[in-house]
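Containing compact mmCIF, C-alpha atoms: final_26.txt.
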```
# COMPACT_ATOMS: atom_id res chain seq x y z
CA MET A 1 49.47 -91.22 57.32
CA VAL A 2 47.10 -93.59 59.12
CA ASN A 3 44.53 -95.71 57.33
CA ILE A 4 41.38 -97.12 58.92
CA GLY A 5 40.43 -100.12 56.83
CA LYS A 6 37.11 -101.17 55.37
CA SER A 7 36.28 -103.70 58.06
CA VAL A 8 36.91 -101.35 60.99
CA VAL A 9 33.99 -99.83 62.90
CA ILE A 10 34.68 -97.11 65.47
CA LYS A 11 32.09 -95.63 67.80
CA GLY A 12 33.16 -92.71 69.93
CA GLU A 13 35.70 -89.93 69.62
CA LEU A 14 38.57 -90.15 67.19
CA SER A 15 41.38 -87.64 67.52
CA GLY A 16 44.99 -87.45 66.44
CA SER A 17 47.84 -85.39 65.11
CA GLU A 18 48.56 -86.98 61.76
CA ASP A 19 46.73 -87.25 58.47
CA LEU A 20 44.06 -89.93 58.40
CA THR A 21 42.22 -91.87 55.72
CA ILE A 22 39.03 -93.67 56.68
CA GLU A 23 37.66 -96.51 54.60
CA GLY A 24 35.62 -98.03 57.43
CA HIS A 25 32.71 -96.80 59.56
CA VAL A 26 33.02 -94.13 62.24
CA GLU A 27 30.24 -92.85 64.49
CA GLY A 28 30.69 -90.06 67.01
CA ARG A 29 33.26 -87.27 66.61
CA ILE A 30 36.44 -86.88 64.60
CA ASP A 31 38.94 -84.26 65.67
CA LEU A 32 42.04 -83.72 63.52
CA LYS A 33 42.34 -79.98 63.82
CA ASP A 34 45.83 -79.71 62.31
CA ASN A 35 45.63 -82.51 59.79
CA VAL A 36 43.99 -83.75 56.65
CA LEU A 37 41.10 -86.17 56.91
CA THR A 38 40.21 -88.22 53.85
CA ILE A 39 36.99 -90.20 53.75
CA GLY A 40 37.73 -92.92 51.21
CA PRO A 41 35.21 -94.25 48.69
CA ASN A 42 34.19 -97.00 51.14
CA GLY A 43 34.18 -94.77 54.20
CA LYS A 44 30.92 -94.08 56.03
CA ILE A 45 30.98 -91.42 58.71
CA LYS A 46 28.19 -90.46 61.05
CA ALA A 47 29.96 -87.84 63.09
CA GLU A 48 30.80 -84.25 63.75
CA VAL A 49 34.05 -83.69 61.90
CA PHE A 50 36.77 -81.14 62.71
CA ALA A 51 39.96 -81.06 60.65
CA LYS A 52 42.35 -78.78 58.82
CA SER A 53 41.18 -80.14 55.47
CA VAL A 54 38.58 -82.73 54.64
CA VAL A 55 38.41 -84.69 51.40
CA VAL A 56 35.22 -86.68 50.91
CA LEU A 57 35.00 -89.55 48.47
CA GLY A 58 32.66 -91.64 50.63
CA GLU A 59 29.66 -90.72 52.79
CA VAL A 60 29.48 -88.26 55.65
CA THR A 61 26.42 -87.60 57.76
CA GLY A 62 27.06 -84.78 60.20
CA ASN A 63 28.49 -81.29 60.28
CA VAL A 64 31.96 -80.76 58.84
CA THR A 65 34.23 -77.96 60.04
CA ALA A 66 37.61 -77.37 58.40
CA SER A 67 40.04 -74.52 58.99
CA GLU A 68 41.33 -74.68 55.40
CA LYS A 69 39.21 -76.59 52.90
CA VAL A 70 36.42 -79.09 52.36
CA ASP A 71 36.57 -80.96 49.08
CA ILE A 72 33.64 -83.19 48.10
CA ARG A 73 34.75 -85.26 45.16
CA ASP A 74 32.69 -86.98 42.47
CA ASN A 75 30.43 -89.59 44.15
CA GLY A 76 31.30 -88.19 47.57
CA SER A 77 28.33 -87.37 49.80
CA VAL A 78 27.83 -84.93 52.66
CA ASP A 79 24.59 -84.65 54.54
CA GLY A 80 25.17 -81.83 57.00
CA ASP A 81 26.40 -78.28 57.35
CA ILE A 82 29.86 -77.30 56.18
CA ALA A 83 31.95 -74.53 57.72
CA SER A 84 35.22 -73.77 55.95
CA PRO A 85 36.83 -70.81 54.19
CA ARG A 86 37.14 -72.88 51.02
CA VAL A 87 34.66 -75.42 49.72
CA ALA A 88 34.81 -77.39 46.49
CA ILE A 89 31.93 -79.59 45.40
CA ALA A 90 32.54 -81.68 42.30
CA GLU A 91 29.90 -82.44 39.73
CA GLY A 92 28.32 -85.75 40.65
CA ALA A 93 28.86 -85.16 44.36
CA HIS A 94 25.92 -85.20 46.75
CA PHE A 95 25.41 -82.41 49.24
CA ARG A 96 22.54 -81.43 51.47
CA GLY A 97 22.97 -78.69 54.02
CA SER A 98 24.37 -75.22 54.30
CA VAL A 99 27.82 -73.86 53.55
CA ASP A 100 29.43 -71.28 55.78
CA MET A 101 32.45 -69.74 54.07
CA GLN A 102 32.81 -66.73 56.30
CA ARG A 103 36.30 -65.38 56.53
CA ALA A 104 38.14 -65.50 59.85
CA GLY A 105 37.67 -61.77 60.45
CA GLN A 106 33.95 -62.03 59.89
CA LYS A 107 33.67 -64.90 62.35
CA ALA A 108 35.43 -62.84 65.00
CA GLN A 109 33.02 -59.96 64.40
CA GLN A 110 30.01 -62.22 64.77
CA GLN A 111 31.17 -64.05 67.89
CA PRO A 112 29.92 -61.49 70.41
CA GLN A 113 26.44 -61.89 68.89
CA GLN A 114 26.66 -65.68 69.04
CA GLN A 115 27.72 -65.60 72.68
CA GLN A 116 24.39 -64.02 73.51
CA LYS A 117 22.60 -67.16 72.31
CA PRO A 118 21.52 -69.67 74.94
CA ALA A 119 23.71 -72.76 75.17
CA ASN A 120 21.01 -74.95 73.69
CA ALA A 121 20.26 -72.65 70.76
CA PRO A 122 19.99 -74.52 67.46
CA PRO A 123 22.64 -74.05 64.77
CA SER A 124 22.16 -71.38 62.16
CA GLY A 125 19.41 -72.21 59.72
CA GLN A 126 17.70 -74.65 62.07
CA PRO A 127 14.11 -74.14 63.22
CA GLN A 128 13.70 -72.15 66.40
CA PRO A 129 12.22 -74.28 69.18
CA GLN A 130 9.86 -71.52 70.29
CA ASN A 131 8.40 -71.42 66.79
CA PRO A 132 7.95 -75.07 65.86
CA GLN A 133 6.91 -76.10 62.37
CA PRO A 134 5.02 -79.36 62.82
CA ASN A 135 4.76 -80.14 59.15
CA GLN A 136 8.39 -79.58 58.29
CA PRO A 137 8.73 -80.37 54.60
CA GLN A 138 10.67 -83.38 53.54
CA GLN A 139 14.24 -82.54 52.62
CA HIS A 140 15.98 -84.14 49.72
CA GLY A 141 19.62 -84.42 49.02
CA GLN A 142 20.89 -83.10 45.77
CA ARG A 143 23.32 -84.59 43.38
CA VAL A 144 25.46 -81.98 41.78
CA GLY A 145 25.92 -81.86 38.05
CA ALA A 146 24.09 -82.19 34.79
CA MET B 1 27.24 -58.89 21.21
CA LEU B 2 24.69 -60.06 23.74
CA GLY B 3 23.79 -63.31 22.05
CA PRO B 4 24.70 -66.75 23.31
CA ARG B 5 28.35 -67.55 23.53
CA ARG B 6 29.26 -70.94 22.17
CA ASP B 7 30.86 -73.25 24.65
CA SER B 8 33.94 -73.54 22.53
CA ASP B 9 34.32 -69.78 22.98
CA ALA B 10 34.04 -70.16 26.73
CA GLY B 11 36.61 -72.92 26.78
CA ALA B 12 34.21 -75.58 28.01
CA ALA B 13 32.84 -78.68 26.39
CA ALA B 14 29.08 -78.98 26.16
CA ASP B 15 27.39 -82.22 27.02
CA THR B 16 24.69 -82.63 24.45
CA SER B 17 24.65 -86.41 24.48
CA VAL B 18 21.61 -86.60 26.77
CA THR B 19 18.14 -85.57 25.65
CA ASN B 20 17.11 -82.15 26.96
CA VAL B 21 20.61 -81.36 28.10
CA ALA B 22 22.35 -78.45 26.46
CA GLU B 23 24.33 -75.49 27.53
CA ALA B 24 25.34 -72.09 26.31
CA SER B 25 26.78 -69.01 27.94
CA TYR B 26 24.93 -65.69 28.13
CA PRO B 27 25.72 -62.31 29.58
CA THR B 28 24.04 -61.27 32.80
CA LYS B 29 23.59 -57.72 33.97
CA ALA B 30 21.81 -58.32 37.25
CA LEU B 31 24.26 -60.68 38.89
CA HIS B 32 26.99 -58.16 39.56
CA LYS B 33 24.43 -55.74 40.99
CA PHE B 34 23.14 -58.52 43.22
CA LEU B 35 26.69 -59.21 44.41
CA ALA B 36 27.40 -55.53 44.93
CA SER B 37 24.31 -55.18 47.09
CA LEU B 38 25.57 -57.93 49.39
CA GLN B 39 29.25 -57.09 49.52
CA SER B 40 28.80 -54.48 52.22
CA ASN B 41 27.28 -57.08 54.55
CA THR B 42 29.42 -59.10 56.92
CA GLY B 43 28.96 -62.83 56.37
CA PRO B 44 25.64 -62.49 54.56
CA LEU B 45 23.17 -65.35 54.53
CA LEU B 46 22.38 -66.37 50.97
CA LEU B 47 19.60 -68.69 49.90
CA ASP B 48 19.98 -70.44 46.53
CA LEU B 49 16.74 -71.98 45.27
CA GLY B 50 18.36 -73.81 42.38
CA PRO B 51 20.13 -77.15 42.37
CA VAL B 52 23.53 -77.49 44.00
CA VAL B 53 26.19 -76.27 41.58
CA GLY B 54 29.60 -76.83 43.11
CA SER B 55 31.28 -74.00 41.23
CA ASN B 56 28.52 -71.59 42.30
CA VAL B 57 29.06 -72.51 45.94
CA THR B 58 32.74 -71.72 45.53
CA PHE B 59 32.02 -68.51 43.60
CA PHE B 60 29.56 -67.02 46.06
CA GLY B 61 31.60 -68.16 49.03
CA GLU B 62 34.75 -66.53 47.71
CA GLN B 63 33.01 -63.36 46.51
CA LEU B 64 30.94 -62.76 49.60
CA GLY B 65 32.40 -64.89 52.39
CA CYS B 66 28.80 -65.87 52.93
CA ARG B 67 26.73 -68.52 54.56
CA LEU B 68 24.96 -70.27 51.73
CA ARG B 69 21.95 -72.52 51.94
CA VAL B 70 20.92 -74.39 48.81
CA GLU B 71 17.26 -75.43 48.62
CA ASP B 72 16.44 -77.06 45.31
CA LEU B 73 12.82 -76.07 44.72
CA ALA B 74 12.75 -77.76 41.31
CA LYS B 75 12.87 -81.06 43.17
CA ASP B 76 9.89 -79.97 45.25
CA ILE B 77 7.98 -79.12 42.09
CA ASP B 78 8.91 -82.44 40.50
CA ARG B 79 7.78 -84.33 43.58
CA HIS B 80 4.41 -82.58 43.61
CA VAL B 81 3.94 -83.25 39.90
CA LYS B 82 4.80 -86.90 40.39
CA ASP B 83 2.46 -87.23 43.39
CA ASN B 84 -0.24 -85.25 41.60
CA THR B 85 -0.38 -82.78 44.50
CA LEU B 86 0.32 -79.51 42.71
CA ASP B 87 -2.71 -78.01 44.43
CA GLN B 88 -0.84 -78.40 47.72
CA LEU B 89 2.17 -76.39 46.59
CA PRO B 90 0.93 -73.02 47.92
CA ALA B 91 0.52 -74.44 51.43
CA PHE B 92 3.81 -76.28 51.09
CA PHE B 93 5.72 -73.09 50.27
CA THR B 94 4.37 -71.30 53.33
CA LYS B 95 6.21 -73.85 55.52
CA ARG B 96 9.09 -74.70 53.23
CA PHE B 97 11.90 -72.62 54.69
CA LYS B 98 13.69 -73.08 58.00
CA GLU B 99 15.06 -69.56 58.21
CA ALA B 100 13.30 -67.08 60.46
CA PRO B 101 11.55 -64.15 58.76
CA GLY B 102 13.79 -61.16 58.13
CA THR B 103 17.07 -63.07 58.42
CA VAL B 104 18.14 -63.70 54.81
CA ASP B 105 20.38 -61.18 53.05
CA GLY B 106 20.06 -62.45 49.50
CA ILE B 107 17.94 -64.92 47.54
CA LEU B 108 18.83 -66.47 44.19
CA CYS B 109 15.35 -67.31 42.94
CA TRP B 110 16.50 -67.88 39.35
CA ASP B 111 13.50 -68.76 37.12
CA LEU B 112 11.55 -71.00 39.50
CA LEU B 113 8.42 -68.88 39.40
CA ASP B 114 7.98 -69.60 35.68
CA TYR B 115 7.19 -73.22 36.54
CA LEU B 116 4.46 -72.47 39.03
CA ASP B 117 0.76 -71.84 38.75
CA ARG B 118 -0.36 -68.45 39.98
CA PRO B 119 -1.39 -69.45 43.56
CA ALA B 120 1.85 -71.34 44.13
CA ALA B 121 3.90 -68.50 42.62
CA GLN B 122 2.17 -66.03 44.92
CA ALA B 123 2.74 -68.24 47.98
CA LEU B 124 6.42 -68.62 47.14
CA ALA B 125 6.90 -64.91 46.42
CA THR B 126 5.25 -64.01 49.72
CA ALA B 127 7.38 -66.52 51.64
CA LEU B 128 10.58 -65.23 50.05
CA SER B 129 9.64 -61.60 50.67
CA SER B 130 9.12 -62.44 54.31
CA LEU B 131 12.48 -64.20 54.63
CA LEU B 132 14.44 -61.20 53.36
CA ARG B 133 15.83 -58.81 55.91
CA PRO B 134 15.26 -55.08 55.30
CA ASP B 135 17.55 -54.01 52.45
CA GLY B 136 17.88 -57.67 51.44
CA CYS B 137 18.01 -58.49 47.75
CA LEU B 138 16.33 -61.07 45.51
CA LEU B 139 17.42 -62.03 42.00
CA GLY B 140 14.70 -63.45 39.75
CA PHE B 141 14.69 -64.53 36.12
CA PHE B 142 11.51 -64.59 34.05
CA SER B 143 11.20 -65.99 30.58
CA THR B 144 9.71 -63.66 27.99
CA ALA B 145 9.07 -66.45 25.47
CA ASP B 146 6.50 -69.23 25.55
CA GLN B 147 8.52 -72.42 25.96
CA ARG B 148 6.55 -75.62 26.12
CA GLU B 149 9.51 -77.93 26.45
CA SER B 150 9.81 -79.59 29.85
CA ILE B 151 13.25 -78.42 30.84
CA TYR B 152 14.78 -76.62 33.78
CA THR B 153 17.80 -74.41 33.47
CA LYS B 154 20.73 -74.65 35.81
CA TYR B 155 22.51 -71.30 35.97
CA VAL B 156 26.23 -71.83 36.36
CA VAL B 157 28.15 -68.68 37.22
CA VAL B 158 31.15 -68.24 34.95
CA ASP B 159 31.92 -64.79 36.29
CA GLU B 160 29.85 -61.88 37.52
CA SER B 161 28.84 -60.90 33.99
CA THR B 162 28.41 -64.36 32.42
CA LEU B 163 26.15 -67.29 33.18
CA ARG B 164 26.18 -70.69 31.57
CA TYR B 165 22.64 -71.94 31.02
CA ARG B 166 22.62 -75.71 31.34
CA THR B 167 19.26 -77.37 30.71
CA TYR B 168 18.07 -80.63 32.20
CA PRO B 169 14.76 -82.52 32.13
CA ALA B 170 11.82 -81.18 34.14
CA SER B 171 8.53 -82.75 35.12
CA ARG B 172 6.50 -79.91 33.63
CA PRO B 173 7.08 -77.05 31.20
CA ARG B 174 7.15 -73.39 32.06
CA GLN B 175 3.68 -72.03 32.66
CA ARG B 176 2.35 -68.90 31.01
CA SER B 177 4.97 -66.15 30.79
CA LEU B 178 4.56 -63.59 33.54
CA LEU B 179 4.07 -60.00 32.49
CA ASN B 180 6.00 -57.24 34.16
CA GLY B 181 2.95 -56.11 36.11
CA ASP B 182 2.24 -59.67 37.27
CA ILE B 183 5.77 -59.99 38.61
CA ILE B 184 5.58 -56.70 40.48
CA LYS B 185 2.26 -57.79 42.02
CA LEU B 186 3.78 -61.10 43.13
CA PHE B 187 6.51 -59.24 44.99
CA LYS B 188 4.36 -56.40 46.23
CA ASP B 189 6.36 -56.18 49.49
CA LEU B 190 9.60 -55.61 47.57
CA ARG B 191 10.82 -52.83 45.36
CA VAL B 192 12.12 -53.46 41.84
CA THR B 193 15.55 -51.85 41.66
CA ASP B 194 16.69 -53.13 38.27
CA SER B 195 15.13 -54.92 35.34
CA PHE B 196 17.03 -56.08 32.27
CA LEU B 197 15.48 -57.60 29.20
CA MET B 198 18.18 -59.87 27.82
CA LYS B 199 18.57 -61.27 24.34
CA SER B 200 18.44 -64.72 25.89
CA LYS B 201 14.68 -64.06 26.23
CA VAL B 202 15.03 -63.72 29.95
CA ARG B 203 14.02 -60.73 32.02
CA GLU B 204 16.50 -60.39 34.88
CA MET B 205 14.98 -58.55 37.82
CA LEU B 206 16.48 -57.40 41.06
CA PHE B 207 14.21 -56.74 44.03
CA ARG B 208 15.06 -55.12 47.33
CA LYS B 209 13.14 -55.14 50.56
CA PRO B 210 12.53 -51.59 51.76
CA PRO B 211 14.41 -50.64 54.92
CA ALA B 212 12.43 -50.96 58.13
CA ARG B 213 10.82 -47.72 59.22
```
Could you render the structure as structure tokens?
Amino acid sequence: MVNIGKSVVIKGELSGSEDLTIEGHVEGRIDLKDNVLTIGPNGKIKAEVFAKSVVVLGEVTGNVTASEKVDIRDNGSVDGDIASPRVAIAEGAHFRGSVDMQRAGQKAQQQPQQQQKPANAPPSGQPQPQNPQPNQPQQHGQRVGA
Amino acid sequence: MLGPRRDSDAGAAADTSVTNVAEASYPTKALHKFLASLQSNTGPLLLDLGPVVGSNVTFFGEQLGCRLRVEDLAKDIDRHVKDNTLDQLPAFFTKRFKEAPGTVDGILCWDLLDYLDRPAAQALATALSSLLRPDGCLLGFFSTADQRESIYTKYVVVDESTLRYRTYPASRPRQRSLLNGDIIKLFKDLRVTDSFLMKSKVREMLFRKPPAR
């Protein structure tokens, strides 16, 4: 288990093959496809995240993809799209974005359709460039719970 | 049999320590029909217009293996009330959603329309009807009682036949109760497939977009 401390700032690509806890700041891309990534309460991530499982107690801005589970704990915050077969969002957590919990078989069925998209096509749920919406409404994050 | 279930019965503790916050469990008849209508789709796209409820995300994800987008329209209403721009809500709703027309499989509208004036309700209903793909399904709740208290209800799915109604403060009360005919007119591009008048004083309605000719 590796720990990135509070005072550490990383800009660029972070990859590895062991579980990682981040309490510092990371900007760029995090790739831990076979391991668990934990964003600690002090962690601030501005990155595309790929991991086996992701536990969020701090702040993440960017899309999160996990092959097993994404777990946003109380006071954790995710501002981006989540793709994972299992997603847990605690009461008091903050989440803004979409959740894609398609099963592996479904993904495989949909891939031929996705391959027909141009390389620069926007992600699902994003505005189509050929149909711009100049006055896109302001989006607000949502805190989960009573 | 269909009355509210006390939280102690449901094995959950109610938080009644905050003003306007209360919860009780009620049966639902429309939810399982809504789920059934989507279960034949592969990776359906679901739009939830209520606040983010973590357990709902898990429930719908596990039941449907869906893509879920949560768009809390109550926050939009609150913002327009606060800014005194309610007259701009109809125009706002026409541009509110990112999804392309005809791409959404299911919409959880809950009871949002009860909080809107007629022009805004019509604009939202038209926008939602447009988003649905042919055969897509919309679940709407409509209060049958005049309630002047400024509270929203968060609908927490307990299972496919039970919802926990959890209230929280709103910036405005429900507007005049919509009659059945008014609701059908709002969703004139959709077909009402089921309508249940519940003892919780809520009319649960399921709409479906007719298949493309």
Give me the residues of chain B that have any atom at most 6 Å from an atom of chain A; for each, the nearest atom pair and the distance in Å, rounded to one decimal. Use all atoms listed in the file, sort by chain and number, and format it as a Markdown table.
```
| residue | atom | partner | partner_atom | distance |
| --- | --- | --- | --- | --- |
| B:Gly43 | CA | A:Gln102 | CA | 5.5 |
| B:Val52 | CA | A:Val144 | CA | 5.4 |
| B:Val53 | CA | A:Val144 | CA | 5.8 |
| B:Gly54 | CA | A:Ile89 | CA | 4.3 |
| B:Thr58 | CA | A:Val87 | CA | 5.9 |
| B:Gly61 | CA | A:Met101 | CA | 5.3 |
| B:Gly65 | CA | A:Gln102 | CA | 4.3 |
| B:Cys66 | CA | A:Gln102 | CA | 5.3 |
| B:Arg67 | CA | A:Asp100 | CA | 4.0 |
| B:Leu68 | CA | A:Val99 | CA | 4.9 |
| B:Arg69 | CA | A:Ser98 | CA | 4.3 |
| B:Arg96 | CA | A:Pro137 | CA | 5.8 |
| B:Lys98 | CA | A:Pro127 | CA | 5.3 |
| B:Glu99 | CA | A:Gly125 | CA | 5.3 |
```
Name all residues at most 8 Å from region 159-167 of chain B (count only C-alpha atoms; drop same-chain ones fewer than 2 positions away) and give them as a short mmCIF file (atom, residue, chain, number, x, y, z; two decimals) with C-alpha atoms, in the frame of the given file.
```cif
data_model
loop_
_atom_site.label_atom_id
_atom_site.label_comp_id
_atom_site.auth_asym_id
_atom_site.auth_seq_id
_atom_site.Cartn_x
_atom_site.Cartn_y
_atom_site.Cartn_z
CA ALA A 146 24.09 -82.19 34.79
CA ASN B 20 17.11 -82.15 26.96
CA VAL B 21 20.61 -81.36 28.10
CA ALA B 22 22.35 -78.45 26.46
CA GLU B 23 24.33 -75.49 27.53
CA ALA B 24 25.34 -72.09 26.31
CA SER B 25 26.78 -69.01 27.94
CA TYR B 26 24.93 -65.69 28.13
CA PRO B 27 25.72 -62.31 29.58
CA THR B 28 24.04 -61.27 32.80
CA LYS B 29 23.59 -57.72 33.97
CA LEU B 31 24.26 -60.68 38.89
CA HIS B 32 26.99 -58.16 39.56
CA ILE B 151 13.25 -78.42 30.84
CA TYR B 152 14.78 -76.62 33.78
CA THR B 153 17.80 -74.41 33.47
CA LYS B 154 20.73 -74.65 35.81
CA TYR B 155 22.51 -71.30 35.97
CA VAL B 156 26.23 -71.83 36.36
CA VAL B 157 28.15 -68.68 37.22
CA PRO B 169 14.76 -82.52 32.13
#
```
What is the distance between CA of Arg118 (chain B) and CA of Arg176 (chain B), in Å to one decimal?
9.4 Å
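Between CA of Ser143 (chain B) and CA of Asp114 (chain B) the separation is 7.0 Å.
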With only C-alpha atoms as the basis for distance, which of A:Lys6, A:Lys11, A:Arg73, A:His25 is at the shortest distance from Lys44 (chain A)?
A:His25
Which polymer residues, protein or nucleic acid, are no farther than 8 Å from (11.1, -51.6, 45.0), counting all atoms listed in the file, as an MDAnalysis selection string?
chainID B and resid 189:193 207:210
Contact residues around Ser17 (chain A) with all atoms listed in the file at 8 Å, ignoring same-chain residues under 3 positions, as a PyMOL selection string
chain A and resi 32-35
Go ahead and write the residues just picked, C-alpha atoms, as a tab-separated table (two decimals), in the frame of the given file.
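Listing of selection-v6.tsv after writing:
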```
chain	number	residue	atom	x	y	z
A	32	LEU	CA	42.04	-83.72	63.52
A	33	LYS	CA	42.34	-79.98	63.82
A	34	ASP	CA	45.83	-79.71	62.31
A	35	ASN	CA	45.63	-82.51	59.79
```
Work out how far CA of Phe50 (chain A) is from CA of Ser67 (chain A), in Å to one decimal.
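Atom-to-atom, CA of Ser67 (chain A) and CA of Phe50 (chain A) are spaced 8.3 Å apart.
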Proximity to Ile39 (chain A) - best of A:Gly80, A:Gly24, A:Gly58, A:Gly5, only C-alpha atoms
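For Ile39 (chain A), the nearest of the candidates is A:Gly58.
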Kindly compute an axis-aligned box around the listed atoms of region 39-54 of chain A, allowing 8 Å on each side, and express its centre and edge lengths in Å to one decimal as lines of an AutoDock Vina configuration file.
```
center_x = 35.3
center_y = -87.9
center_z = 56.2
size_x = 30.2
size_y = 34.2
size_z = 31.1
```
Nearest-residue call for Asp194 (chain B), choices B:Gly181, B:Lys95, B:Leu138, B:Glu149, using all atoms listed in the file
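That would be B:Leu138, the residue with the smallest distance to Asp194 (chain B).
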